Amino acid sequence: MPSLKDVKTKITGVKKTSQITKAMNMVASAKLRGAQQRIEDFRPYAEKFQFAMGNMAGSVDPAQYPLMAVREAKKVELVIVSSDRGLCGSFNAHIFKLADKEIARFESEGKEVSIVCVGKKAAAYFRKSGKVRIKYADLMGSFQMFNAREIAQDVAANFLAGESDQVEMIYSRFVSVAMQKPTVATLLPISPEAHVGETAEAAVSQDYIYEPSAEEIMDVLLPLYMNVTVYRSMLEVSASEHAARMTAMDNATNACGDIVHNLTLVYNKARQSGITAELMDIVGGAEALKG
Amino acid sequence: MAETIHLEVVTPKGAVISDDVDIVTAPGYGGEFGVLANHAAMLSTIKIGVMTYRKAEQERRIMVSGGFCEVSNNQITFLVESAEVGEKIDVDRAMRAKERAEKRLAAAATQKEKINQTRAEAALHRALARLRVAGRSE
């Protein structure tokens, strides 16, 4: 039987922890509201963009644009987007599980895999794998387009230099507060049809009037399309992260309540047995005096 | 009733307009262009400026900044960095931005700072377009 003081210290400790988890839950839900708003505002733009690109891709020759050129994939690059912070349940673990699966799949096909980590947690997880080419940390908190642009440009330069033949992006799609779905999407070579999936309308190929020329437009649009795709994945991850943390912290707060309840029972039992023992002492002493 | 074309203006901060309209006029790469119903498929870059559309004899103006527009299947979609309708424009802010940009341009001309000059020019264009939409330009 633990001593009264030990149990009491433990109860106080657990209560303090639950205060922290409760606060984190509330902070996460406040941040989620902002992040959710951002991704929901951005999605129509990204989807329209994909749709427009899907239409155009049908009417241009992919071989003409290096970013669209399909090469035999010998080197695959994975862009893994995770959160910067922990304490969000199994959120990052799910992303890494999918990433590990993809790595194993590509390697079994005899392809070389390199990794670009976005977010601290991915960098920490893949640090020892020896595959990390470059890592970006501490940018999930700020919703800045230029962060995405930097990543997109770097990945594109690597692709154009022939250091990678295919680029896949692994991130967590924000479906709802209760559901985040780890997803793989092809970033390069750009083949918009692959992305259209969500928008039901099928891409139609037709002859476009280009203003200015098709080449000039594509030179601007293809990099922009990459920015938008990377940026979207970052927004998705950040909304997912806050949702996951909110749920995790809510569970933690509930668990703390359960522990406090159980510990209180233990405490009361210990106190009662102490009183009983004292009473026995007194009764025993009185009996002895009588004798 | 004349035929209409479906207009959509979408920015990274959400959809601004989704409506069936009679005609759209926009600042394209090679100058202003107008789009009526059943226009041929087209793709054009969009410059900072004023886009107007007409619906049932009513004309509305919108400030758009850089991006592109796609016309297909009797639908015109603008994908631009920002778009603001007249009522929502802060005239004072645009005025201040205009003055600031003009000052910067004057300063940049003497110092020959290329980057600041392009940025100031873009800012000036945006401010002027906003003022035009708000109907307060000279």
# chains A, B, ... in the order shown; residues from 1 in each chain; ligands from 1
$ interface_residues --of "chain B" --to "chain A" --cutoff "12 Å" --atoms "only C-alpha atoms" --output "MDAnalysis selection string"
chainID B and resid 8:18 27:33 39:47 66:73 75:82
$ write_last_selection --atoms "C-alpha atoms" --output "PDB file, in the first residue's frame"
ATOM      1  CA  GLU B   8     -15.840  32.470 -61.862  1.00  0.00           C
ATOM      2  CA  VAL B   9     -13.211  34.494 -60.054  1.00  0.00           C
ATOM      3  CA  VAL B  10     -11.127  32.476 -57.637  1.00  0.00           C
ATOM      4  CA  THR B  11      -8.240  33.659 -55.481  1.00  0.00           C
ATOM      5  CA  PRO B  12      -6.091  31.822 -52.931  1.00  0.00           C
ATOM      6  CA  LYS B  13      -8.336  33.396 -50.301  1.00  0.00           C
ATOM      7  CA  GLY B  14     -11.510  31.903 -51.709  1.00  0.00           C
ATOM      8  CA  ALA B  15     -13.999  32.306 -54.521  1.00  0.00           C
ATOM      9  CA  VAL B  16     -15.029  35.908 -55.162  1.00  0.00           C
ATOM     10  CA  ILE B  17     -17.654  35.598 -57.877  1.00  0.00           C
ATOM     11  CA  SER B  18     -19.594  32.757 -59.401  1.00  0.00           C
ATOM     12  CA  PRO B  27      -6.928  43.278 -68.842  1.00  0.00           C
ATOM     13  CA  GLY B  28      -5.062  40.558 -70.736  1.00  0.00           C
ATOM     14  CA  TYR B  29      -1.479  40.184 -71.807  1.00  0.00           C
ATOM     15  CA  GLY B  30      -1.942  42.037 -75.078  1.00  0.00           C
ATOM     16  CA  GLY B  31      -4.445  44.589 -73.779  1.00  0.00           C
ATOM     17  CA  GLU B  32      -8.115  44.579 -72.888  1.00  0.00           C
ATOM     18  CA  PHE B  33     -10.235  41.807 -74.282  1.00  0.00           C
ATOM     19  CA  HIS B  39     -16.256  32.090 -76.855  1.00  0.00           C
ATOM     20  CA  ALA B  40     -13.587  29.782 -78.262  1.00  0.00           C
ATOM     21  CA  ALA B  41     -11.305  28.081 -75.740  1.00  0.00           C
ATOM     22  CA  MET B  42      -8.659  30.531 -74.664  1.00  0.00           C
ATOM     23  CA  LEU B  43      -5.923  30.951 -72.145  1.00  0.00           C
ATOM     24  CA  SER B  44      -4.467  34.308 -71.267  1.00  0.00           C
ATOM     25  CA  THR B  45      -2.368  35.851 -68.574  1.00  0.00           C
ATOM     26  CA  ILE B  46      -3.979  38.677 -66.644  1.00  0.00           C
ATOM     27  CA  LYS B  47      -2.308  41.906 -65.698  1.00  0.00           C
ATOM     28  CA  GLY B  66      -1.811  39.137 -61.701  1.00  0.00           C
ATOM     29  CA  GLY B  67      -2.818  35.643 -62.690  1.00  0.00           C
ATOM     30  CA  PHE B  68      -4.417  33.957 -65.651  1.00  0.00           C
ATOM     31  CA  CYS B  69      -7.809  33.205 -67.073  1.00  0.00           C
ATOM     32  CA  GLU B  70      -9.160  30.205 -68.869  1.00  0.00           C
ATOM     33  CA  VAL B  71     -12.126  30.101 -71.217  1.00  0.00           C
ATOM     34  CA  SER B  72     -13.669  26.779 -72.133  1.00  0.00           C
ATOM     35  CA  ASN B  73     -17.119  25.215 -72.435  1.00  0.00           C
ATOM     36  CA  GLN B  75     -17.174  29.171 -68.786  1.00  0.00           C
ATOM     37  CA  ILE B  76     -14.578  31.762 -67.955  1.00  0.00           C
ATOM     38  CA  THR B  77     -12.409  31.206 -64.913  1.00  0.00           C
ATOM     39  CA  PHE B  78     -10.073  33.790 -63.470  1.00  0.00           C
ATOM     40  CA  LEU B  79      -7.311  32.505 -61.240  1.00  0.00           C
ATOM     41  CA  VAL B  80      -5.730  35.601 -59.777  1.00  0.00           C
ATOM     42  CA  GLU B  81      -3.710  36.541 -56.732  1.00  0.00           C
ATOM     43  CA  SER B  82      -6.369  38.903 -55.477  1.00  0.00           C
TER      44      SER B  82
END
$ select_by_dssp --residues "chain B" --states "strand (DSSP E or B)" --output "VMD selection string"
chain B and resid 5 to 11 14 to 21 23 to 28 31 to 35 42 to 46 49 to 55 58 to 64 67 to 72 75 to 80 83 to 85
$ select_by_dssp --residues "segment 21-230 of chain A" --states "alpha helix (DSSP H)" --output "PyMOL selection string"
chain A and resi 21-57+91-108+120-126+145-160+193-196+214-230
$ write_last_selection --atoms "C-alpha atoms" --output "compact mmCIF listing (two decimals), in the first residue's frame"
# COMPACT_ATOMS: atom_id res chain seq x y z
CA THR A 21 -3.45 19.09 -21.94
CA LYS A 22 -6.68 21.00 -21.57
CA ALA A 23 -4.93 24.25 -22.43
CA MET A 24 -3.25 22.61 -25.42
CA ASN A 25 -6.60 21.31 -26.56
CA MET A 26 -8.04 24.79 -26.51
CA VAL A 27 -5.04 26.34 -28.25
CA ALA A 28 -5.21 23.64 -30.93
CA SER A 29 -8.90 24.20 -31.52
CA ALA A 30 -8.33 27.94 -31.87
CA LYS A 31 -5.48 27.36 -34.32
CA LEU A 32 -7.51 24.75 -36.16
CA ARG A 33 -10.19 27.32 -36.90
CA GLY A 34 -7.65 29.53 -38.67
CA ALA A 35 -5.97 26.68 -40.51
CA GLN A 36 -9.25 25.13 -41.56
CA GLN A 37 -10.45 28.47 -42.91
CA ARG A 38 -7.24 28.83 -44.91
CA ILE A 39 -7.39 25.40 -46.50
CA GLU A 40 -11.09 25.72 -47.26
CA ASP A 41 -10.49 29.09 -48.91
CA PHE A 42 -7.53 27.78 -50.84
CA ARG A 43 -9.06 24.55 -52.08
CA PRO A 44 -11.37 26.08 -54.73
CA TYR A 45 -8.36 27.91 -56.17
CA ALA A 46 -6.20 24.80 -56.22
CA GLU A 47 -8.98 22.68 -57.69
CA LYS A 48 -9.82 25.21 -60.41
CA PHE A 49 -6.14 25.41 -61.17
CA GLN A 50 -5.88 21.65 -61.47
CA PHE A 51 -8.93 21.57 -63.66
CA ALA A 52 -7.58 24.27 -65.97
CA MET A 53 -4.22 22.50 -66.13
CA GLY A 54 -6.00 19.24 -66.90
CA ASN A 55 -7.75 20.90 -69.83
CA MET A 56 -4.54 22.38 -71.12
CA ALA A 57 -2.40 19.32 -70.67
CA PHE A 91 -0.63 11.97 -36.74
CA ASN A 92 2.99 12.00 -37.89
CA ALA A 93 3.39 8.27 -37.33
CA HIS A 94 0.66 7.64 -39.91
CA ILE A 95 2.44 9.79 -42.48
CA PHE A 96 5.76 8.06 -41.82
CA LYS A 97 4.17 4.64 -42.01
CA LEU A 98 2.90 5.45 -45.47
CA ALA A 99 6.28 6.95 -46.39
CA ASP A 100 8.13 3.83 -45.22
CA LYS A 101 5.78 1.71 -47.27
CA GLU A 102 6.39 3.80 -50.37
CA ILE A 103 10.16 3.75 -49.83
CA ALA A 104 10.11 -0.02 -49.49
CA ARG A 105 7.98 -0.30 -52.63
CA PHE A 106 10.27 1.88 -54.74
CA GLU A 107 13.38 0.15 -53.46
CA SER A 108 11.97 -3.27 -54.20
CA LYS A 120 10.84 19.04 -38.05
CA LYS A 121 9.25 15.72 -37.27
CA ALA A 122 9.97 14.25 -40.69
CA ALA A 123 13.57 15.44 -40.45
CA ALA A 124 13.95 13.78 -37.05
CA TYR A 125 12.36 10.53 -38.20
CA PHE A 126 14.35 10.11 -41.41
CA MET A 145 3.46 31.13 -50.07
CA PHE A 146 7.17 31.87 -50.48
CA ASN A 147 8.08 28.90 -48.28
CA ALA A 148 6.23 26.65 -50.69
CA ARG A 149 7.85 28.41 -53.63
CA GLU A 150 11.31 27.77 -52.22
CA ILE A 151 10.59 24.06 -51.85
CA ALA A 152 8.96 23.81 -55.28
CA GLN A 153 11.87 25.57 -56.96
CA ASP A 154 14.42 23.37 -55.26
CA VAL A 155 12.58 20.18 -56.15
CA ALA A 156 12.09 21.36 -59.74
CA ALA A 157 15.78 22.27 -60.11
CA ASN A 158 16.74 18.83 -58.86
CA PHE A 159 14.33 17.24 -61.28
CA LEU A 160 15.56 19.28 -64.23
CA GLU A 193 -4.95 14.33 -65.21
CA ALA A 194 -3.63 12.37 -62.27
CA HIS A 195 -4.80 15.08 -59.90
CA VAL A 196 -8.19 15.76 -61.41
CA ALA A 214 1.74 28.59 -75.30
CA GLU A 215 5.42 28.37 -74.40
CA GLU A 216 5.41 31.62 -72.48
CA ILE A 217 2.25 30.73 -70.62
CA MET A 218 3.50 27.29 -69.71
CA ASP A 219 6.79 28.75 -68.49
CA VAL A 220 4.81 30.73 -65.95
CA LEU A 221 2.05 28.27 -65.22
CA LEU A 222 4.00 25.09 -64.61
CA PRO A 223 6.14 26.50 -61.77
CA LEU A 224 3.08 28.27 -60.38
CA TYR A 225 1.18 25.01 -60.47
CA MET A 226 3.95 23.38 -58.44
CA ASN A 227 3.85 26.21 -55.90
CA VAL A 228 0.12 25.84 -55.56
CA THR A 229 0.37 22.07 -55.13
CA VAL A 230 3.13 22.28 -52.52
$ atom_distance --atom1 "atom CA of Ala127 of chain B" --atom2 "atom CA of Arg60 of chain B"
18.3 Å
$ residues_around --residues "Asp20 of chain B" --least-positions-apart "6" --cutoff "10 Å" --atoms "only C-alpha atoms" --output "PyMOL selection string"
chain B and resi 3-8+37+53-55+75-76
$ atom_distance --atom1 "atom CA of Gly130 of chain A" --atom2 "atom CA of Ile115 of chain A"
9.1 Å
$ residues_around --residues "segment 83-94 of chain B" --least-positions-apart "5" --cutoff "8 Å" --atoms "only C-alpha atoms" --output "list in words"
Val9, Thr11, Val16, Arg61, Ile62, Met63, Val64, Ser65, Ala127, Leu128, Arg130, Leu131, Val133, Ala134, Gly135 and Arg136 of chain B
$ write_last_selection --atoms "C-alpha atoms" --output "tab-separated table (two decimals), in the first residue's frame"
chain	number	residue	atom	x	y	z
B	9	VAL	CA	-13.21	34.49	-60.05
B	11	THR	CA	-8.24	33.66	-55.48
B	16	VAL	CA	-15.03	35.91	-55.16
B	61	ARG	CA	-16.03	46.45	-61.85
B	62	ILE	CA	-13.51	44.36	-60.01
B	63	MET	CA	-9.88	44.99	-59.30
B	64	VAL	CA	-7.76	41.99	-60.25
B	65	SER	CA	-4.05	41.47	-59.77
B	127	ALA	CA	-3.36	51.13	-56.08
B	128	LEU	CA	-4.44	52.79	-59.31
B	130	ARG	CA	-8.25	49.86	-56.87
B	131	LEU	CA	-8.98	53.54	-57.18
B	133	VAL	CA	-12.73	50.36	-59.41
B	134	ALA	CA	-13.80	52.46	-56.47
B	135	GLY	CA	-14.52	55.24	-58.92
B	136	ARG	CA	-12.14	57.72	-57.34
$ decode --residues "segment 18-67 of chain B" --atoms "C-alpha atoms" --output "compact mmCIF listing (two decimals), in the first residue's frame"
# COMPACT_ATOMS: atom_id res chain seq x y z
CA SER B 18 -19.59 32.76 -59.40
CA ASP B 19 -22.31 34.06 -61.69
CA ASP B 20 -23.84 33.85 -65.16
CA VAL B 21 -23.07 37.08 -66.98
CA ASP B 22 -23.53 38.67 -70.42
CA ILE B 23 -20.04 39.96 -71.09
CA VAL B 24 -16.65 40.05 -69.39
CA THR B 25 -13.89 42.54 -70.16
CA ALA B 26 -10.47 41.89 -68.70
CA PRO B 27 -6.93 43.28 -68.84
CA GLY B 28 -5.06 40.56 -70.74
CA TYR B 29 -1.48 40.18 -71.81
CA GLY B 30 -1.94 42.04 -75.08
CA GLY B 31 -4.44 44.59 -73.78
CA GLU B 32 -8.11 44.58 -72.89
CA PHE B 33 -10.23 41.81 -74.28
CA GLY B 34 -13.92 41.03 -74.10
CA VAL B 35 -15.52 37.63 -73.80
CA LEU B 36 -19.09 36.84 -74.77
CA ALA B 37 -21.06 33.63 -74.53
CA ASN B 38 -19.72 30.63 -76.47
CA HIS B 39 -16.26 32.09 -76.85
CA ALA B 40 -13.59 29.78 -78.26
CA ALA B 41 -11.30 28.08 -75.74
CA MET B 42 -8.66 30.53 -74.66
CA LEU B 43 -5.92 30.95 -72.14
CA SER B 44 -4.47 34.31 -71.27
CA THR B 45 -2.37 35.85 -68.57
CA ILE B 46 -3.98 38.68 -66.64
CA LYS B 47 -2.31 41.91 -65.70
CA ILE B 48 -3.08 44.07 -62.72
CA GLY B 49 -6.09 46.14 -63.64
CA VAL B 50 -9.83 46.41 -63.78
CA MET B 51 -12.10 43.63 -64.91
CA THR B 52 -15.70 44.50 -65.72
CA TYR B 53 -18.67 42.29 -66.30
CA ARG B 54 -22.23 43.03 -67.22
CA LYS B 55 -25.30 41.24 -66.09
CA ALA B 56 -28.80 42.37 -66.97
CA GLU B 57 -27.67 45.85 -68.04
CA GLN B 58 -25.76 46.32 -64.82
CA GLU B 59 -22.06 46.79 -65.01
CA ARG B 60 -19.74 45.86 -62.16
CA ARG B 61 -16.03 46.45 -61.85
CA ILE B 62 -13.51 44.36 -60.01
CA MET B 63 -9.88 44.99 -59.30
CA VAL B 64 -7.76 41.99 -60.25
CA SER B 65 -4.05 41.47 -59.77
CA GLY B 66 -1.81 39.14 -61.70
CA GLY B 67 -2.82 35.64 -62.69
